[in-house]
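Chemist: entry_9.txt is reproduced in full below (compact mmCIF, C-alpha atoms and all ligand atoms).
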# COMPACT_ATOMS: atom_id res chain seq x y z
CA MET A 1 -115.83 -39.68 -119.07
CA LYS A 2 -118.03 -42.59 -120.11
CA LEU A 3 -121.78 -42.85 -119.68
CA HIS A 4 -123.91 -45.99 -119.76
CA HIS A 5 -126.49 -44.72 -122.18
CA ASN A 6 -129.75 -45.54 -123.91
CA PRO A 7 -131.42 -42.82 -125.98
CA ALA A 8 -134.95 -43.70 -124.81
CA SER A 9 -134.18 -43.13 -121.12
CA PRO A 10 -135.41 -39.77 -119.76
CA PHE A 11 -132.84 -40.03 -116.94
CA VAL A 12 -130.03 -40.37 -119.48
CA ARG A 13 -131.46 -37.56 -121.54
CA THR A 14 -131.49 -35.25 -118.52
CA VAL A 15 -127.78 -35.89 -118.05
CA MET A 16 -126.96 -35.36 -121.73
CA VAL A 17 -129.05 -32.17 -122.03
CA LEU A 18 -127.19 -30.83 -119.00
CA ALA A 19 -123.85 -31.83 -120.53
CA HIS A 20 -124.75 -29.87 -123.67
CA GLU A 21 -125.83 -26.85 -121.61
CA LEU A 22 -122.45 -27.03 -119.85
CA ASN A 23 -120.61 -27.40 -123.18
CA ILE A 24 -118.96 -30.63 -122.05
CA ALA A 25 -120.99 -33.19 -124.03
CA ASP A 26 -117.96 -33.87 -126.23
CA GLN A 27 -116.09 -35.08 -123.13
CA ILE A 28 -118.62 -37.89 -122.62
CA GLU A 29 -118.30 -41.17 -124.47
CA GLU A 30 -121.66 -42.92 -124.67
CA ILE A 31 -121.68 -46.65 -123.95
CA ASP A 32 -124.86 -47.96 -125.58
CA THR A 33 -126.67 -50.51 -123.40
CA GLY A 34 -128.17 -52.18 -126.48
CA VAL A 35 -131.48 -53.90 -125.73
CA PHE A 36 -132.25 -52.91 -122.15
CA LEU A 37 -135.00 -54.70 -120.27
CA PRO A 38 -136.09 -54.55 -116.62
CA ASP A 39 -136.43 -58.32 -116.14
CA ARG A 40 -132.79 -59.19 -116.74
CA VAL A 41 -129.36 -57.99 -115.72
CA ASN A 42 -127.42 -56.02 -118.31
CA GLU A 43 -123.93 -57.23 -117.45
CA GLY A 44 -122.20 -54.22 -118.99
CA VAL A 45 -124.17 -51.79 -116.84
CA ALA A 46 -124.10 -54.00 -113.73
CA SER A 47 -120.31 -54.25 -113.87
CA ASP A 48 -120.28 -50.54 -112.97
CA ASN A 49 -123.60 -50.01 -111.18
CA PRO A 50 -124.70 -52.89 -108.94
CA LEU A 51 -128.30 -51.72 -109.35
CA GLY A 52 -128.01 -52.35 -113.09
CA LYS A 53 -129.62 -49.00 -113.88
CA ILE A 54 -128.75 -46.18 -116.24
CA PRO A 55 -127.41 -43.56 -116.28
CA ALA A 56 -124.09 -44.48 -114.65
CA LEU A 57 -121.06 -42.28 -115.29
CA ILE A 58 -117.43 -43.34 -115.12
CA THR A 59 -115.29 -40.28 -114.45
CA ASP A 60 -111.82 -39.70 -115.89
CA HIS A 61 -110.49 -40.67 -112.45
CA GLY A 62 -112.25 -44.05 -112.71
CA SER A 63 -114.97 -43.37 -110.14
CA VAL A 64 -118.47 -44.58 -110.95
CA LEU A 65 -121.32 -42.16 -110.23
CA TYR A 66 -125.05 -42.82 -110.13
CA ASP A 67 -127.90 -42.00 -110.13
CA SER A 68 -128.90 -39.13 -112.46
CA ARG A 69 -129.06 -36.63 -109.55
CA VAL A 70 -125.48 -37.29 -108.49
CA ILE A 71 -124.27 -37.24 -112.09
CA CYS A 72 -125.93 -33.84 -112.67
CA GLU A 73 -124.29 -32.42 -109.57
CA TYR A 74 -120.93 -33.84 -110.63
CA LEU A 75 -121.16 -32.42 -114.16
CA CYS A 76 -121.92 -28.92 -112.82
CA HIS A 77 -118.95 -29.27 -110.45
CA HIS A 78 -116.71 -30.62 -113.23
CA ALA A 79 -117.63 -27.72 -115.53
CA GLY A 80 -117.22 -25.17 -112.73
CA ASN A 81 -120.79 -23.98 -113.31
CA LYS A 82 -122.75 -22.36 -110.48
CA GLU A 83 -125.75 -21.23 -112.53
CA LEU A 84 -127.47 -24.50 -113.41
CA LEU A 85 -127.26 -25.61 -109.77
CA PRO A 86 -126.67 -22.49 -107.67
CA ASP A 87 -125.07 -22.47 -104.22
CA GLU A 88 -127.56 -19.94 -102.85
CA PRO A 89 -129.69 -22.18 -100.62
CA VAL A 90 -133.23 -21.00 -101.41
CA SER A 91 -132.73 -21.39 -105.17
CA ARG A 92 -130.64 -24.52 -104.80
CA PHE A 93 -133.18 -26.51 -102.82
CA ARG A 94 -136.11 -25.33 -104.92
CA ILE A 95 -134.26 -26.43 -108.05
CA LEU A 96 -133.28 -29.76 -106.50
CA THR A 97 -136.90 -30.34 -105.46
CA LEU A 98 -138.07 -29.55 -108.99
CA GLN A 99 -135.52 -32.08 -110.22
CA SER A 100 -136.91 -34.66 -107.78
CA LEU A 101 -140.46 -33.95 -108.94
CA ALA A 102 -139.41 -34.54 -112.55
CA ILE A 103 -137.49 -37.69 -111.59
CA GLY A 104 -140.57 -38.96 -109.73
CA LEU A 105 -142.58 -38.43 -112.89
CA MET A 106 -139.94 -40.35 -114.84
CA ASP A 107 -140.10 -43.20 -112.32
CA ALA A 108 -143.90 -43.34 -112.67
CA GLY A 109 -143.80 -43.14 -116.47
CA VAL A 110 -140.97 -45.62 -116.96
CA SER A 111 -142.30 -48.21 -114.48
CA ARG A 112 -145.80 -47.88 -115.96
CA ARG A 113 -144.28 -48.47 -119.38
CA TYR A 114 -142.55 -51.63 -118.11
CA GLU A 115 -145.90 -52.84 -116.75
CA THR A 116 -147.92 -52.14 -119.89
CA ALA A 117 -145.39 -52.87 -122.64
CA VAL A 118 -142.93 -55.40 -121.22
CA ARG A 119 -144.74 -57.40 -118.53
CA PRO A 120 -146.67 -60.44 -119.80
CA GLU A 121 -150.32 -59.48 -120.27
CA GLU A 122 -151.74 -62.05 -117.84
CA LYS A 123 -149.54 -60.68 -115.04
CA ARG A 124 -150.45 -57.01 -115.41
CA TRP A 125 -152.07 -55.07 -112.57
CA PRO A 126 -154.51 -52.41 -113.85
CA GLU A 127 -154.98 -50.77 -110.43
CA TRP A 128 -151.24 -50.22 -110.16
CA VAL A 129 -151.16 -48.70 -113.65
CA ALA A 130 -154.05 -46.42 -112.66
CA ARG A 131 -152.10 -45.34 -109.57
CA GLN A 132 -149.14 -44.34 -111.73
CA HIS A 133 -151.50 -42.39 -113.95
CA VAL A 134 -152.85 -40.47 -110.94
CA ARG A 135 -149.27 -39.74 -109.84
CA MET A 136 -148.36 -38.50 -113.30
CA GLU A 137 -151.39 -36.20 -113.51
CA ALA A 138 -150.76 -34.80 -110.01
CA GLY A 139 -147.10 -34.14 -110.78
CA LEU A 140 -147.98 -32.43 -114.06
CA ASP A 141 -150.49 -30.23 -112.23
CA ASP A 142 -147.81 -29.28 -109.74
CA LEU A 143 -145.40 -28.38 -112.55
CA GLU A 144 -148.14 -26.21 -114.08
CA ASN A 145 -149.02 -24.41 -110.86
CA ASN A 146 -145.98 -24.10 -108.62
CA TRP A 147 -142.71 -23.90 -110.52
CA ALA A 148 -142.92 -20.89 -112.85
CA ASP A 149 -139.82 -19.15 -111.40
CA GLU A 150 -137.60 -22.22 -111.64
CA LEU A 151 -138.90 -23.18 -115.10
CA ALA A 152 -138.08 -19.68 -116.39
CA SER A 153 -134.37 -20.50 -116.76
CA ALA A 154 -132.21 -23.51 -117.64
CA ASN A 155 -131.14 -25.35 -114.48
CA VAL A 156 -130.94 -28.97 -113.34
CA GLY A 157 -134.65 -28.87 -112.41
CA SER A 158 -136.03 -27.33 -115.59
CA ILE A 159 -133.84 -29.65 -117.67
CA ALA A 160 -135.30 -32.71 -115.92
CA ALA A 161 -138.82 -31.29 -116.35
CA ALA A 162 -138.26 -30.87 -120.09
CA ALA A 163 -136.81 -34.37 -120.34
CA VAL A 164 -139.84 -35.96 -118.69
CA LEU A 165 -142.32 -33.99 -120.80
CA ALA A 166 -140.48 -35.15 -123.93
CA TYR A 167 -140.62 -38.72 -122.60
CA PHE A 168 -144.37 -38.45 -122.02
CA ASP A 169 -144.82 -37.29 -125.62
CA PHE A 170 -142.67 -40.23 -126.75
CA ARG A 171 -144.35 -43.00 -124.72
CA TYR A 172 -147.75 -41.54 -123.82
CA GLY A 173 -148.89 -39.68 -126.90
CA ASP A 174 -152.48 -40.50 -125.88
CA ILE A 175 -152.18 -38.44 -122.66
CA ASP A 176 -152.77 -34.84 -123.61
CA TRP A 177 -150.71 -33.32 -120.79
CA ARG A 178 -150.86 -29.87 -122.47
CA ASP A 179 -154.63 -29.74 -122.12
CA ALA A 180 -155.50 -27.32 -119.26
CA ARG A 181 -151.78 -26.73 -118.59
CA PRO A 182 -150.98 -23.72 -120.78
CA ARG A 183 -147.95 -22.52 -118.79
CA LEU A 184 -146.32 -25.94 -118.91
CA ALA A 185 -147.08 -26.26 -122.61
CA ALA A 186 -145.48 -22.86 -123.28
CA PHE A 187 -142.44 -23.78 -121.16
CA TYR A 188 -141.90 -26.98 -123.13
CA GLN A 189 -142.47 -25.39 -126.50
CA ASP A 190 -139.66 -22.91 -125.79
CA PHE A 191 -137.34 -25.29 -124.00
CA ALA A 192 -137.55 -27.94 -126.72
CA GLN A 193 -135.94 -25.47 -129.15
CA ARG A 194 -132.74 -25.25 -127.12
CA PRO A 195 -129.73 -26.71 -128.95
CA SER A 196 -129.19 -29.08 -125.97
CA MET A 197 -132.64 -30.60 -126.53
CA VAL A 198 -132.30 -30.70 -130.31
CA ALA A 199 -128.92 -32.47 -129.98
CA THR A 200 -130.41 -35.20 -127.77
CA GLN A 201 -133.57 -36.15 -129.66
CA LEU A 202 -135.38 -39.32 -128.63
CA PRO A 203 -135.40 -42.18 -131.15
CA ALA A 204 -138.15 -41.95 -133.82
N1 LIG B 301 -133.16 -43.07 -109.86
C1 LIG B 301 -132.50 -43.43 -111.10
C2 LIG B 301 -133.49 -44.14 -112.01
C3 LIG B 301 -132.83 -44.68 -113.26
C4 LIG B 301 -133.71 -45.69 -113.98
O1 LIG B 301 -134.73 -46.19 -113.47
N2 LIG B 301 -133.29 -45.99 -115.21
C5 LIG B 301 -134.00 -47.00 -115.97
C6 LIG B 301 -133.89 -46.72 -117.48
S1 LIG B 301 -134.96 -45.43 -118.02
C7 LIG B 301 -133.32 -48.33 -115.74
O2 LIG B 301 -132.11 -48.38 -115.63
N3 LIG B 301 -134.12 -49.42 -115.69
C8 LIG B 301 -133.59 -50.74 -115.60
C9 LIG B 301 -134.17 -51.52 -114.49
O3 LIG B 301 -135.07 -51.02 -113.78
O4 LIG B 301 -133.73 -52.66 -114.31
C10 LIG B 301 -131.89 -42.17 -111.74
O5 LIG B 301 -132.35 -41.06 -111.43
O6 LIG B 301 -130.90 -42.28 -112.49
Please render this file's structure as structure tokens.
Modeler:
Amino acid sequence: MKLHHNPASPFVRTVMVLAHELNIADQIEEIDTGVFLPDRVNEGVASDNPLGKIPALITDHGSVLYDSRVICEYLCHHAGNKELLPDEPVSRFRILTLQSLAIGLMDAGVSRRYETAVRPEEKRWPEWVARQHVRMEAGLDDLENNWADELASANVGSIAAAAVLAYFDFRYGDIDWRDARPRLAAFYQDFAQRPSMVATQLPA
């Protein structure tokens, strides 16, 4: 398998942490996007994903899969694993919703980063940035208050949650998300020690 990859992407990291948890990371060849910016087409990525976004996975059968949700489901299927994304419907849809919550936080954090770090200063929209901040805080509160059972084990939801918390530390060191969120802080402290997280560190 081949994966369009950039180490700073929390979506890519989710996929790679999952691959390590499934013991299939060595089956994935990473295709580095190189410099990857939201205001231009990366031809290498776009030749496989018309949306020009990462992650995109090319399977050994030559199919292209995106986005991160579909890739996670495929990797569990490929590895024959029914624990990280169980069939039992109550757990399954809770875990998938946790994954969507984490992906929504990634969307807010990544698009806010594009606005504040990439977009020319005179074109920035402070109210929009503030809206992303509100979304991030609300999502973090929800992770703190409503997901203890799902965060207690490794699954596609808790992996995505850990990936977005790591991304917030990486890009938003000034937001103290741990403050007043002791359960989430404890979850991340433990989860970050897992070999899958250690093997997929963000760039310094
Ligand atoms: N919904 C997608 C989002 C992926 C995404 O936004 N990836 C970012 C990188 S972190 C990207 O490709 N941005 C390029 C762009 O927006 O043009 C997923 O879950 O995989």
Chemist: Closest to A:Ala148 among A:Arg131, A:Arg194, A:Arg178, A:Arg94, using only C-alpha atoms?
Modeler: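 Selected residue with least distance to A:Ala148: A:Arg94.
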Chemist: Sort by chain and increasing residue number a table of all residues of chain A within 8 Å of ligand LIG 301 (chain B), each with its closest pair of atoms and their distance in Å to one decimal, counting all atoms listed in the file, and write it as CSV.
Modeler:
residue,atom,partner,partner_atom,distance
A:Asn6,CA,B:LIG301,C6,7.7
A:Ala8,CA,B:LIG301,S1,7.0
A:Ser9,CA,B:LIG301,S1,3.9
A:Pro10,CA,B:LIG301,S1,5.9
A:Phe11,CA,B:LIG301,O6,5.4
A:Val12,CA,B:LIG301,S1,7.2
A:Phe36,CA,B:LIG301,C8,7.0
A:Leu37,CA,B:LIG301,C8,6.3
A:Pro38,CA,B:LIG301,O4,3.8
A:Asp39,CA,B:LIG301,O4,6.5
A:Arg40,CA,B:LIG301,O4,7.0
A:Val41,CA,B:LIG301,O4,7.0
A:Leu51,CA,B:LIG301,O4,7.4
A:Gly52,CA,B:LIG301,O4,5.9
A:Lys53,CA,B:LIG301,O2,3.1
A:Ile54,CA,B:LIG301,O2,4.1
A:Pro55,CA,B:LIG301,O6,5.3
A:Ala56,CA,B:LIG301,O6,7.5
A:Tyr66,CA,B:LIG301,O6,6.3
A:Asp67,CA,B:LIG301,O6,3.8
A:Ser68,CA,B:LIG301,O6,3.7
A:Arg69,CA,B:LIG301,O5,5.8
A:Ile103,CA,B:LIG301,O5,6.1
A:Met106,CA,B:LIG301,S1,7.8
A:Asp107,CA,B:LIG301,O1,6.3
A:Val110,CA,B:LIG301,S1,6.1
A:Ser111,CA,B:LIG301,O3,7.8
Chemist: Based on the selection just made, write C-alpha atoms of those residues as an mmCIF file, in the coordinates of the input.
Modeler:
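Output file again_23.cif follows:
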data_model
loop_
_atom_site.group_PDB
_atom_site.id
_atom_site.type_symbol
_atom_site.label_atom_id
_atom_site.label_comp_id
_atom_site.auth_asym_id
_atom_site.auth_seq_id
_atom_site.Cartn_x
_atom_site.Cartn_y
_atom_site.Cartn_z
ATOM 1 C CA ASN A 6 -129.750 -45.540 -123.910
ATOM 2 C CA ALA A 8 -134.950 -43.700 -124.810
ATOM 3 C CA SER A 9 -134.180 -43.130 -121.120
ATOM 4 C CA PRO A 10 -135.410 -39.770 -119.760
ATOM 5 C CA PHE A 11 -132.840 -40.030 -116.940
ATOM 6 C CA VAL A 12 -130.030 -40.370 -119.480
ATOM 7 C CA PHE A 36 -132.250 -52.910 -122.150
ATOM 8 C CA LEU A 37 -135.000 -54.700 -120.270
ATOM 9 C CA PRO A 38 -136.090 -54.550 -116.620
ATOM 10 C CA ASP A 39 -136.430 -58.320 -116.140
ATOM 11 C CA ARG A 40 -132.790 -59.190 -116.740
ATOM 12 C CA VAL A 41 -129.360 -57.990 -115.720
ATOM 13 C CA LEU A 51 -128.300 -51.720 -109.350
ATOM 14 C CA GLY A 52 -128.010 -52.350 -113.090
ATOM 15 C CA LYS A 53 -129.620 -49.000 -113.880
ATOM 16 C CA ILE A 54 -128.750 -46.180 -116.240
ATOM 17 C CA PRO A 55 -127.410 -43.560 -116.280
ATOM 18 C CA ALA A 56 -124.090 -44.480 -114.650
ATOM 19 C CA TYR A 66 -125.050 -42.820 -110.130
ATOM 20 C CA ASP A 67 -127.900 -42.000 -110.130
ATOM 21 C CA SER A 68 -128.900 -39.130 -112.460
ATOM 22 C CA ARG A 69 -129.060 -36.630 -109.550
ATOM 23 C CA ILE A 103 -137.490 -37.690 -111.590
ATOM 24 C CA MET A 106 -139.940 -40.350 -114.840
ATOM 25 C CA ASP A 107 -140.100 -43.200 -112.320
ATOM 26 C CA VAL A 110 -140.970 -45.620 -116.960
ATOM 27 C CA SER A 111 -142.300 -48.210 -114.480
#
Chemist: Of the residues A:Glu115, A:Glu121, A:Glu83, A:Glu127, which is the one nearest to A:Gly157, using all atoms listed in the file?
Modeler: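 Once distances to A:Gly157 are computed over all atoms listed in the file, the minimum belongs to A:Glu83.
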Chemist: Calculate how many Å separate atom CA of A:Pro182 from atom CA of A:Ala154, rounding to one decimal.
Modeler: 19.0 Å
Chemist: From the list A:Asn155, A:Gln27, A:Thr200, A:Thr59, which residue is nearest A:Leu96 when using all atoms listed in the file?
Modeler: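 That would be A:Asn155, the residue with the smallest distance to A:Leu96.
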Chemist: Which residue, A:Arg171, A:Pro50, A:Glu43, A:Ala130, has the smallest gap to A:Arg113 when you use all atoms listed in the file?
Modeler: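 Closest residue, counting all atoms listed in the file: A:Arg171.
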Chemist: Record the distance separating atom CA of A:Thr14 and atom CA of A:Ile159, expressed in Å with one decimal.
Modeler: 6.1 Å
Chemist: Please compute the atom CA of A:Phe191-atom CA of A:Ala152 distance, one decimal, in Å.
Modeler: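 Going from atom CA of A:Phe191 over to atom CA of A:Ala152, I get 9.5 Å.
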Chemist: When distances are computed from all atoms listed in the file, which of A:Pro7, A:Lys82, A:Val118, A:Ser91 shows the smallest separation from A:Phe170?
Modeler: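 For A:Phe170, the nearest of the candidates is A:Pro7.
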Chemist: Point out the residue among A:Ala163, A:Asp149, A:Leu3, A:Asp60 with the least atom-to-atom distance to A:Thr33, counting all atoms listed in the file.
Modeler: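 Using all atoms listed in the file, A:Thr33 sits closest to A:Leu3.
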Chemist: Using all atoms listed in the file, find all polymer residues with an atom at most 9 Å away from the point (-149.7, -23.5, -113.7); report them as a PyMOL selection string.
Modeler: chain A and resi 141-148+180-184
